[in-house]
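Visitor: Okay, handing you the structure first.
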Amino acid sequence: MHTHLVIRAPRRSWQALLLGCAGLLAAPLAVADGEFPAKVPVPANNPMTPAKIELGKQLYFDPRISLSGTVSCNSCHMVQSNGSDNLPLSFGVFGRVDVPRNTPTVYNAAFNTVQFWDGRASSLEEQAKGPILNPVEMGMPNAQAVVDVLRKIPGYHAQFTQVFGGKEPITFDHAVEAIASFERTLVTPDSPYDRFVKGDKKALDVTAQEGLKLFNSVGCGTCHAGPMFDNPGLPMGEGFYQKFPAQPQNTACAKYVQKYHLHGDLGRYDVTHKDADKERFRVPGLRNVALTAPYFNYGTVPNLQEAVRVMAACELGKNLTETQTKQIEAFLNSLTGKF
C-alpha cells in the first residue's frame, strides 16, 4: 500500500498559498534599504507554475526517493518549523550522522546567490541534487535510481507529463527543477524590521533600534549586508565568502574556538583546493536567525547571544558588553518574518 501513495497538498489551502505567492513568480531582485525583496529570483530555464510547485512540494515531502525510504528533504529542512531541524548535525538514512556541517534553513534560500556552506552549488536546482545522491543523507546511488523509483509510483507520471511533457517526462533534472520551484515559495516577509524600514517606527522597540545602530557601527553590516543580510549585492551564482574564525589569535576568540571546536572544517577549500580558501564559508543570511540555533557550520554554539559574542570576538576582534549583546540580539529577533 505504501508504494502506491502519492503525497498531495490539500488543494484548497495550496491554491490559496499559490495566490499569495503570485507576486513572487516574476523575478528581478529588488533591494530597498534592506527591505524584504518584492520578487524571488527565478531562472529563465525553470519558470514557476502552480502545477510544478505542487509537484515539487510532493517530492520535497516524499521519503521514497531516499535509499531507506524514510528520509525526505523535509526530514532535515522542516518547513512546518523553521526550515531546519535545530540539531548540531542532522541524521540521514539508516541513522547515519549527516555531512559534518549544520543544516541551513530552506526558508529564503531562494535568495542565496550560492548554496551550501562552501558555495558548491550555484542554484537551488543544483543544490537539490546533492542531498538525494549523498550516501550519508538520502543515500540514492545515482540519478537513474531516483527515476526508477518515481516511475513505479502511480500518479507521478501524469503529474510530470502535465508539468514537463514529452515521452519520458520523469527525469532527475525535472524532479529537482520541481523541488526548487517549491522551495522558491518558502519566503518569510513582513518582519518587524521590514515594517520599521517601511516607516512604522513602533515596529522596533528601543532596544532593537539601538541594536540596529550597533550592528552597523561595530561592523556586522559589512558582511551581513543587503536585504537578506548575507552579501553586499552579488549576482546569482557568485558567492560571498569570509574566513571563520578570522581572528583566532584574539584572546576571547581563542577561548570560543576551544570551547565550541571552531576549527577543522576546511570550508571553501574543499571545492577550490586553494589554500586561501581554507576555513572560508558562505556568509549566511540573518533572516529568522533567532529560530535556527545551534549556530555556525559546526552547529556547536547553543544560543543567539553566544553567537553574537563569538562573531564579535572572532570576526571583528571586539568584546561586547552584556548590554550591547542584548541590543544586537533584540535587533536580530526583529528579522523573524511571517512563515
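Chain labels A, B, ... are given in the sequence in which chains occur in the C-alpha cells; within each chain residues are numbered consecutively from 1, and ligands are likewise numbered from 1 in the order shown.
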Report as a compact mmCIF listing (two decimals) with N, CA, C and O atoms, in the first residue's frame all protein, DNA and RNA residues lying within 7 Å of range 305-320 of chain A, evaluated on only C-alpha atoms, omitting residues in the same chain fewer than 2 positions from it.
Guide:
# COMPACT_ATOMS: atom_id res chain seq x y z
N PRO A 245 37.07 30.97 11.99
CA PRO A 245 37.22 32.28 12.64
C PRO A 245 38.32 33.10 11.96
O PRO A 245 39.36 32.56 11.58
N ALA A 246 38.07 34.39 11.84
CA ALA A 246 39.01 35.27 11.15
C ALA A 246 40.15 35.73 12.06
O ALA A 246 41.23 36.03 11.58
N GLN A 247 39.87 35.78 13.38
CA GLN A 247 40.88 36.28 14.31
C GLN A 247 41.07 35.28 15.46
O GLN A 247 40.82 35.61 16.63
N PRO A 248 41.52 34.08 15.15
CA PRO A 248 41.69 33.07 16.21
C PRO A 248 42.74 33.46 17.24
O PRO A 248 42.75 32.91 18.35
N ASN A 250 42.89 36.34 18.67
CA ASN A 250 42.24 37.15 19.68
C ASN A 250 41.96 36.29 20.91
O ASN A 250 41.46 35.17 20.80
N ALA A 252 39.80 36.36 23.35
CA ALA A 252 38.42 35.93 23.54
C ALA A 252 38.02 34.91 22.50
O ALA A 252 37.35 33.91 22.80
N CYS A 253 38.46 35.11 21.27
CA CYS A 253 38.13 34.16 20.20
C CYS A 253 38.77 32.81 20.47
O CYS A 253 38.13 31.76 20.28
N TYR A 256 36.66 30.76 22.58
CA TYR A 256 35.49 30.21 21.91
C TYR A 256 35.86 29.08 20.94
O TYR A 256 35.13 28.10 20.81
N TYR A 295 24.29 27.27 16.18
CA TYR A 295 24.80 28.17 15.15
C TYR A 295 26.14 27.77 14.57
O TYR A 295 26.90 27.00 15.15
N VAL A 301 27.37 26.21 18.77
CA VAL A 301 27.06 27.38 19.63
C VAL A 301 25.56 27.37 19.91
O VAL A 301 24.75 27.45 18.99
N ASN A 303 23.09 29.24 21.52
CA ASN A 303 22.05 30.27 21.54
C ASN A 303 22.53 31.54 20.85
O ASN A 303 23.72 31.72 20.57
N GLU A 322 27.49 43.12 28.05
CA GLU A 322 26.24 42.37 28.13
C GLU A 322 25.09 43.17 27.51
O GLU A 322 24.24 42.62 26.81
N GLN A 324 25.29 45.50 25.16
CA GLN A 324 25.45 45.54 23.70
C GLN A 324 25.02 44.22 23.07
O GLN A 324 24.37 44.21 22.01
N THR A 325 25.37 43.13 23.71
CA THR A 325 24.98 41.81 23.19
C THR A 325 23.47 41.67 23.14
O THR A 325 22.91 41.21 22.14
N LYS A 326 22.79 42.10 24.19
CA LYS A 326 21.33 42.00 24.23
C LYS A 326 20.69 42.94 23.21
O LYS A 326 19.64 42.61 22.64
N GLU A 329 21.07 41.25 19.86
CA GLU A 329 20.14 40.13 19.84
C GLU A 329 18.71 40.61 19.58
O GLU A 329 17.96 40.00 18.81
Visitor: Using only C-alpha atoms for the distances, tell me which of A:Ala145, A:Asp190, A:Phe331, A:Pro43 is nearest to Asn216 in chain A.
Guide: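 So, comparing all the options, the nearest one is A:Phe331.
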Visitor: At what distance in Å, to one decimal, does CA of Leu234 in chain A lie from CA of Ser81 in chain A?
Guide: 28.8 Å
Visitor: Using only C-alpha atoms, which residues sit within 10 Å of range 103-111 of chain A once same-chain residues fewer than 5 positions away are excluded, as a tab-separated table (two decimals) with N, CA and C atoms, in the first residue's frame?
Guide:
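Output below, filename out_0.tsv:
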chain	number	residue	atom	x	y	z
A	29	LEU	N	15.59	40.81	-8.49
A	29	LEU	CA	15.72	41.00	-7.04
A	29	LEU	C	15.71	42.50	-6.73
A	37	PRO	N	12.81	41.58	-0.30
A	37	PRO	CA	12.60	41.72	-1.75
A	37	PRO	C	11.16	41.46	-2.16
A	39	LYS	N	10.36	40.42	-5.17
A	39	LYS	CA	10.35	39.33	-6.15
A	39	LYS	C	11.38	38.28	-5.77
A	40	VAL	N	11.09	37.04	-6.11
A	40	VAL	CA	12.04	35.95	-5.95
A	40	VAL	C	12.78	35.76	-7.27
A	41	PRO	N	14.10	35.62	-7.24
A	41	PRO	CA	14.83	35.35	-8.48
A	41	PRO	C	14.46	33.99	-9.05
A	42	VAL	N	14.03	33.96	-10.29
A	42	VAL	CA	13.62	32.72	-10.95
A	42	VAL	C	14.44	32.56	-12.22
A	73	CYS	N	13.43	15.44	1.93
A	73	CYS	CA	14.05	16.77	2.07
A	73	CYS	C	13.59	17.42	3.37
A	74	ASN	N	12.30	17.21	3.68
A	74	ASN	CA	11.72	17.83	4.87
A	74	ASN	C	12.24	17.25	6.17
A	76	CYS	N	15.24	17.06	7.24
A	76	CYS	CA	16.25	17.97	7.79
A	76	CYS	C	15.85	19.43	7.65
A	77	HIS	N	15.11	19.74	6.57
A	77	HIS	CA	14.68	21.12	6.32
A	77	HIS	C	13.17	21.20	6.54
A	78	MET	N	12.77	21.21	7.79
A	78	MET	CA	11.35	21.07	8.15
A	78	MET	C	10.59	22.37	7.95
A	79	VAL	N	9.72	22.39	6.95
A	79	VAL	CA	9.00	23.62	6.65
A	79	VAL	C	7.91	23.92	7.67
A	81	SER	N	8.45	23.93	10.66
A	81	SER	CA	9.17	24.58	11.75
A	81	SER	C	9.88	25.81	11.19
A	82	ASN	N	11.19	25.80	11.16
A	82	ASN	CA	11.94	26.98	10.71
A	82	ASN	C	12.76	26.70	9.46
A	83	GLY	N	12.50	25.56	8.81
A	83	GLY	CA	13.25	25.20	7.62
A	83	GLY	C	14.54	24.46	7.90
A	84	SER	N	14.79	24.16	9.18
A	84	SER	CA	15.96	23.38	9.59
A	84	SER	C	15.46	22.33	10.57
A	85	ASP	N	16.38	21.75	11.36
A	85	ASP	CA	15.94	20.75	12.34
A	85	ASP	C	16.45	21.03	13.75
A	86	ASN	N	17.17	22.16	13.91
A	86	ASN	CA	17.68	22.57	15.22
A	86	ASN	C	18.59	21.54	15.86
A	87	LEU	N	19.25	20.73	15.05
A	87	LEU	CA	20.25	19.80	15.54
A	87	LEU	C	21.64	20.30	15.16
A	88	PRO	N	22.65	20.00	15.97
A	88	PRO	CA	24.01	20.36	15.55
A	88	PRO	C	24.36	19.76	14.20
A	89	LEU	N	24.10	18.46	14.04
A	89	LEU	CA	24.28	17.75	12.78
A	89	LEU	C	23.04	16.89	12.55
A	90	SER	N	22.58	16.82	11.31
A	90	SER	CA	21.36	16.09	11.01
A	90	SER	C	21.63	14.59	10.85
A	98	ASP	N	24.63	13.08	9.44
A	98	ASP	CA	24.69	13.80	8.18
A	98	ASP	C	26.08	14.37	7.93
A	116	PHE	N	24.81	25.88	0.00
A	116	PHE	CA	25.71	25.13	0.88
A	116	PHE	C	26.70	26.09	1.55
A	117	TRP	N	27.24	25.65	2.67
A	117	TRP	CA	28.22	26.46	3.41
A	117	TRP	C	29.44	26.78	2.56
A	123	SER	N	22.88	27.11	-7.72
A	123	SER	CA	21.44	27.31	-7.83
A	123	SER	C	20.71	26.34	-6.91
A	124	LEU	N	19.42	26.62	-6.69
A	124	LEU	CA	18.60	25.70	-5.91
A	124	LEU	C	18.46	24.35	-6.62
A	180	ALA	N	12.98	22.71	-6.59
A	180	ALA	CA	13.48	24.09	-6.48
A	180	ALA	C	12.35	25.09	-6.63
A	181	SER	N	11.40	24.81	-7.50
A	181	SER	CA	10.27	25.72	-7.68
A	181	SER	C	9.44	25.82	-6.41
A	182	PHE	N	9.22	24.67	-5.76
A	182	PHE	CA	8.52	24.72	-4.47
A	182	PHE	C	9.32	25.51	-3.45
A	183	GLU	N	10.63	25.29	-3.39
A	183	GLU	CA	11.46	25.98	-2.40
A	183	GLU	C	11.43	27.49	-2.61
A	184	ARG	N	11.20	27.93	-3.83
A	184	ARG	CA	11.14	29.38	-4.07
A	184	ARG	C	9.88	30.03	-3.51
A	185	THR	N	8.92	29.22	-3.06
A	185	THR	CA	7.76	29.79	-2.39
A	185	THR	C	7.97	29.92	-0.88
A	186	LEU	N	9.10	29.38	-0.38
A	186	LEU	CA	9.35	29.37	1.07
A	186	LEU	C	10.07	30.64	1.48
A	187	VAL	N	9.31	31.70	1.56
A	187	VAL	CA	9.87	33.01	1.90
A	187	VAL	C	9.14	33.57	3.11
A	188	THR	N	9.81	34.44	3.86
A	188	THR	CA	9.23	34.95	5.11
A	188	THR	C	9.32	36.47	5.17
A	189	PRO	N	8.42	37.16	4.49
A	189	PRO	CA	8.43	38.62	4.51
A	189	PRO	C	7.79	39.19	5.76
A	227	PRO	N	19.32	42.91	1.61
A	227	PRO	CA	18.01	42.57	2.18
A	227	PRO	C	17.97	41.26	2.95
A	228	MET	N	18.87	40.33	2.62
A	228	MET	CA	18.95	39.06	3.35
A	228	MET	C	20.04	39.08	4.40
A	230	ASP	N	23.26	38.98	3.94
A	230	ASP	CA	24.21	37.92	3.62
A	230	ASP	C	25.30	38.32	2.63
A	236	MET	N	23.32	36.28	-8.78
A	236	MET	CA	23.11	34.85	-8.59
A	236	MET	C	24.27	34.07	-9.20
A	284	PRO	N	26.16	33.43	5.83
A	284	PRO	CA	24.74	33.08	5.87
A	284	PRO	C	23.86	34.31	6.09
A	285	GLY	N	22.65	34.26	5.56
A	285	GLY	CA	21.70	35.32	5.83
A	285	GLY	C	21.23	35.29	7.27
A	287	ARG	N	18.02	36.42	8.20
A	287	ARG	CA	16.56	36.33	8.34
A	287	ARG	C	16.21	35.10	9.17
A	288	ASN	N	15.35	35.28	10.18
A	288	ASN	CA	14.88	34.20	11.06
A	288	ASN	C	15.99	33.56	11.87
A	289	VAL	N	17.13	34.25	12.01
A	289	VAL	CA	18.28	33.65	12.70
A	289	VAL	C	17.96	33.33	14.16
A	291	LEU	N	15.59	31.77	15.23
A	291	LEU	CA	14.90	30.49	15.34
A	291	LEU	C	15.77	29.29	14.98
A	292	THR	N	17.00	29.52	14.52
A	292	THR	CA	17.74	28.44	13.88
A	292	THR	C	18.94	27.93	14.67
A	294	PRO	N	21.19	25.38	16.84
A	294	PRO	CA	22.51	25.93	17.17
A	294	PRO	C	23.18	26.54	15.94
A	295	TYR	N	24.29	27.27	16.18
A	295	TYR	CA	24.80	28.17	15.15
A	295	TYR	C	26.14	27.77	14.57
A	296	PHE	N	26.39	28.36	13.40
A	296	PHE	CA	27.61	28.22	12.60
A	296	PHE	C	27.67	26.85	11.94
A	297	ASN	N	28.60	26.72	11.02
A	297	ASN	CA	28.73	25.46	10.28
A	297	ASN	C	28.99	24.28	11.21
A	298	TYR	N	29.57	24.55	12.37
A	298	TYR	CA	29.86	23.47	13.31
A	298	TYR	C	28.63	23.06	14.13
A	299	GLY	N	27.64	23.95	14.21
A	299	GLY	CA	26.44	23.65	14.96
A	299	GLY	C	26.68	23.46	16.45
A	339	PHE	N	5.89	33.19	8.31
A	339	PHE	CA	6.07	31.92	7.60
A	339	PHE	C	4.78	31.57	6.86
Visitor: For His157 in chain A, which residue out of A:Thr171, A:Thr207, A:Asn45, A:Thr70 is the nearest one, using only C-alpha atoms?
Guide: A:Thr171
Visitor: Rank A:Ser75, A:Thr113, A:Thr323, A:Ser68 by their smallest atom-to-atom distance to Phe94 in chain A, using only C-alpha atoms, and report the top residue only.
Guide: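 With only C-alpha atoms as the atom set, the closest residue is A:Ser68.
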Visitor: Take CA of Gly211 in chain A and CA of Ser334 in chain A and report the distance between them in Å, one decimal.
Guide: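 These atoms are spaced 10.1 Å apart.
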Visitor: Using only C-alpha atoms, determine which residues lie at most 12 Å from Tyr193 in chain A, disregarding the query and same-chain residues fewer than 5 positions distant; provide the list as a short mmCIF file (atom, residue, chain, number, x, y, z; two decimals) with C-alpha atoms, in the first residue's frame.
Guide:
data_model
loop_
_atom_site.label_atom_id
_atom_site.label_comp_id
_atom_site.auth_asym_id
_atom_site.auth_seq_id
_atom_site.Cartn_x
_atom_site.Cartn_y
_atom_site.Cartn_z
CA ASP A 33 17.19 49.84 2.20
CA GLY A 34 17.38 46.23 3.32
CA GLU A 35 13.65 45.70 2.94
CA PHE A 36 12.48 42.21 2.05
CA LYS A 198 8.69 50.94 5.59
CA GLY A 199 8.08 53.67 8.15
CA ASP A 200 6.43 52.02 11.14
CA LYS A 201 8.83 53.31 13.79
CA LYS A 202 6.94 51.44 16.51
CA ALA A 203 7.76 48.09 14.88
CA LEU A 204 11.09 48.00 16.72
CA ASP A 205 11.40 48.80 20.41
CA ALA A 208 16.15 46.66 18.93
CA GLN A 209 16.74 50.11 17.42
CA GLY A 211 20.89 47.03 18.35
CA LEU A 212 20.43 48.01 14.71
CA PRO A 227 18.01 42.57 2.18
CA MET A 228 18.95 39.06 3.35
CA PHE A 229 21.88 40.31 5.44
CA LEU A 286 20.28 36.52 9.11
CA ARG A 287 16.56 36.33 8.34
CA ASN A 288 14.88 34.20 11.06
CA ALA A 330 16.96 42.24 20.01
CA PHE A 331 17.65 43.56 16.52
CA LEU A 332 18.28 40.05 15.19
CA ASN A 333 15.00 38.92 16.75
CA SER A 334 13.28 41.60 14.65
CA LEU A 335 14.37 39.79 11.46
CA THR A 336 11.91 36.95 12.04
CA GLY A 337 9.35 37.15 9.25
CA LYS A 338 5.96 35.57 8.61
#
Visitor: Work out how far apart CA of Gln242 in chain A and CA of Asp270 in chain A are and give it in Å to one decimal.
Guide: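 Value for the CA of Gln242 in chain A-CA of Asp270 in chain A distance: 14.7 Å.
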Visitor: Find the residues near Ala51 in chain A: any atom within 8 Å, counting only C-alpha atoms, skip ones fewer than 2 places away on the same chain, and give them as a PyMOL selection string.
Guide: chain A and resi 49+53-55+159+162-163
Visitor: Output the selection as a compact mmCIF listing (two decimals), in the first residue's frame - all heavy atoms for each residue.
Guide:
# COMPACT_ATOMS: atom_id res chain seq x y z
N THR A 49 5.33 27.44 -12.16
CA THR A 49 3.91 27.31 -12.44
C THR A 49 3.26 26.64 -11.24
O THR A 49 3.92 25.91 -10.49
CB THR A 49 3.65 26.45 -13.69
OG1 THR A 49 4.04 25.09 -13.42
CG2 THR A 49 4.42 26.98 -14.90
N ILE A 53 5.02 23.72 -8.90
CA ILE A 53 5.22 23.96 -7.46
C ILE A 53 4.58 22.85 -6.64
O ILE A 53 5.16 22.33 -5.69
CB ILE A 53 4.66 25.34 -7.06
CG1 ILE A 53 5.48 26.46 -7.71
CG2 ILE A 53 4.66 25.51 -5.54
CD1 ILE A 53 4.82 27.83 -7.62
N GLU A 54 3.37 22.44 -7.02
CA GLU A 54 2.69 21.38 -6.26
C GLU A 54 3.44 20.06 -6.41
O GLU A 54 3.59 19.30 -5.43
CB GLU A 54 1.25 21.23 -6.73
CG GLU A 54 0.49 20.20 -5.92
CD GLU A 54 -1.01 20.26 -6.10
OE1 GLU A 54 -1.51 21.25 -6.67
OE2 GLU A 54 -1.67 19.30 -5.67
N LEU A 55 3.91 19.76 -7.60
CA LEU A 55 4.71 18.55 -7.79
C LEU A 55 5.98 18.62 -6.95
O LEU A 55 6.35 17.64 -6.30
CB LEU A 55 5.09 18.41 -9.27
CG LEU A 55 6.08 17.29 -9.62
CD1 LEU A 55 5.54 15.92 -9.20
CD2 LEU A 55 6.41 17.32 -11.11
N GLN A 159 1.52 13.60 -13.42
CA GLN A 159 1.91 14.93 -12.96
C GLN A 159 3.14 15.46 -13.71
O GLN A 159 3.18 16.62 -14.11
CB GLN A 159 2.18 14.90 -11.46
CG GLN A 159 0.92 14.77 -10.63
CD GLN A 159 1.26 14.75 -9.15
OE1 GLN A 159 1.60 13.71 -8.61
NE2 GLN A 159 1.16 15.89 -8.52
N GLN A 162 2.08 16.48 -17.16
CA GLN A 162 1.37 17.75 -17.15
C GLN A 162 2.34 18.92 -17.06
O GLN A 162 2.18 19.94 -17.74
CB GLN A 162 0.40 17.81 -15.96
CG GLN A 162 -0.33 19.15 -15.83
CD GLN A 162 -1.12 19.27 -14.53
OE1 GLN A 162 -1.04 18.39 -13.67
NE2 GLN A 162 -1.85 20.35 -14.38
N VAL A 163 3.39 18.76 -16.23
CA VAL A 163 4.32 19.87 -15.99
C VAL A 163 5.36 19.99 -17.09
O VAL A 163 5.65 21.09 -17.57
CB VAL A 163 5.02 19.69 -14.62
CG1 VAL A 163 6.10 20.76 -14.43
CG2 VAL A 163 4.00 19.78 -13.49
Visitor: As a ChimeraX atom specification, please: all residues of range 163-332 of chain A that backbone DSSP puts in helix (DSSP H, G or I).
Guide: /A:163-164,172-183,192-197,206-217,220-223,251-260,269-272,275-277,289-291,304-315,322-332
Visitor: Taking only C-alpha atoms into account, which of A:Val149, A:Ile328, A:Val206, A:Leu262 comes nearest Gly219 in chain A?
Guide: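 Checking each candidate against Gly219 in chain A, we get A:Ile328 as the closest.
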Visitor: Please extract the residues of range 146-311 of chain A with a backbone DSSP assignment of strand (DSSP E) and present them as a PyMOL selection string.
Guide: chain A and resi 241-243+280-282
Visitor: Would you mind listing what lies within 12 Å of Arg96 in chain A as an MDAnalysis selection string, with only C-alpha atoms counted and same-chain residues fewer than 4 positions away left out?
Guide: chainID A and resid 68 71 89:92 100 134:139
Visitor: Suppose we keep N, CA and C atoms; can you now write the selection as a compact mmCIF listing (two decimals), in the first residue's frame?
Guide:
# COMPACT_ATOMS: atom_id res chain seq x y z
N SER A 68 16.63 4.43 2.11
CA SER A 68 15.92 3.70 3.18
C SER A 68 14.41 3.86 3.10
N VAL A 71 13.68 9.00 4.62
CA VAL A 71 14.23 10.36 4.73
C VAL A 71 13.79 11.18 3.53
N LEU A 89 24.10 18.46 14.04
CA LEU A 89 24.28 17.75 12.78
C LEU A 89 23.04 16.89 12.55
N SER A 90 22.58 16.82 11.31
CA SER A 90 21.36 16.09 11.01
C SER A 90 21.63 14.59 10.85
N PHE A 91 20.55 13.82 10.88
CA PHE A 91 20.64 12.38 10.66
C PHE A 91 20.13 12.04 9.27
N GLY A 92 20.87 11.18 8.58
CA GLY A 92 20.48 10.74 7.26
C GLY A 92 19.91 9.34 7.27
N PRO A 100 29.20 16.68 7.84
CA PRO A 100 29.64 17.32 9.09
C PRO A 100 29.50 18.84 9.12
N ASN A 134 23.68 12.03 -1.91
CA ASN A 134 24.73 11.93 -0.91
C ASN A 134 24.57 10.61 -0.14
N PRO A 135 25.62 9.80 -0.04
CA PRO A 135 25.49 8.47 0.59
C PRO A 135 25.12 8.54 2.06
N VAL A 136 25.38 9.66 2.71
CA VAL A 136 25.06 9.79 4.13
C VAL A 136 23.68 10.39 4.34
N GLU A 137 23.25 11.26 3.44
CA GLU A 137 21.98 11.96 3.63
C GLU A 137 20.79 11.12 3.16
N MET A 138 20.43 11.19 1.88
CA MET A 138 19.30 10.40 1.38
C MET A 138 19.76 9.12 0.70
N GLY A 139 21.02 9.04 0.34
CA GLY A 139 21.65 7.77 0.03
C GLY A 139 21.39 7.14 -1.32
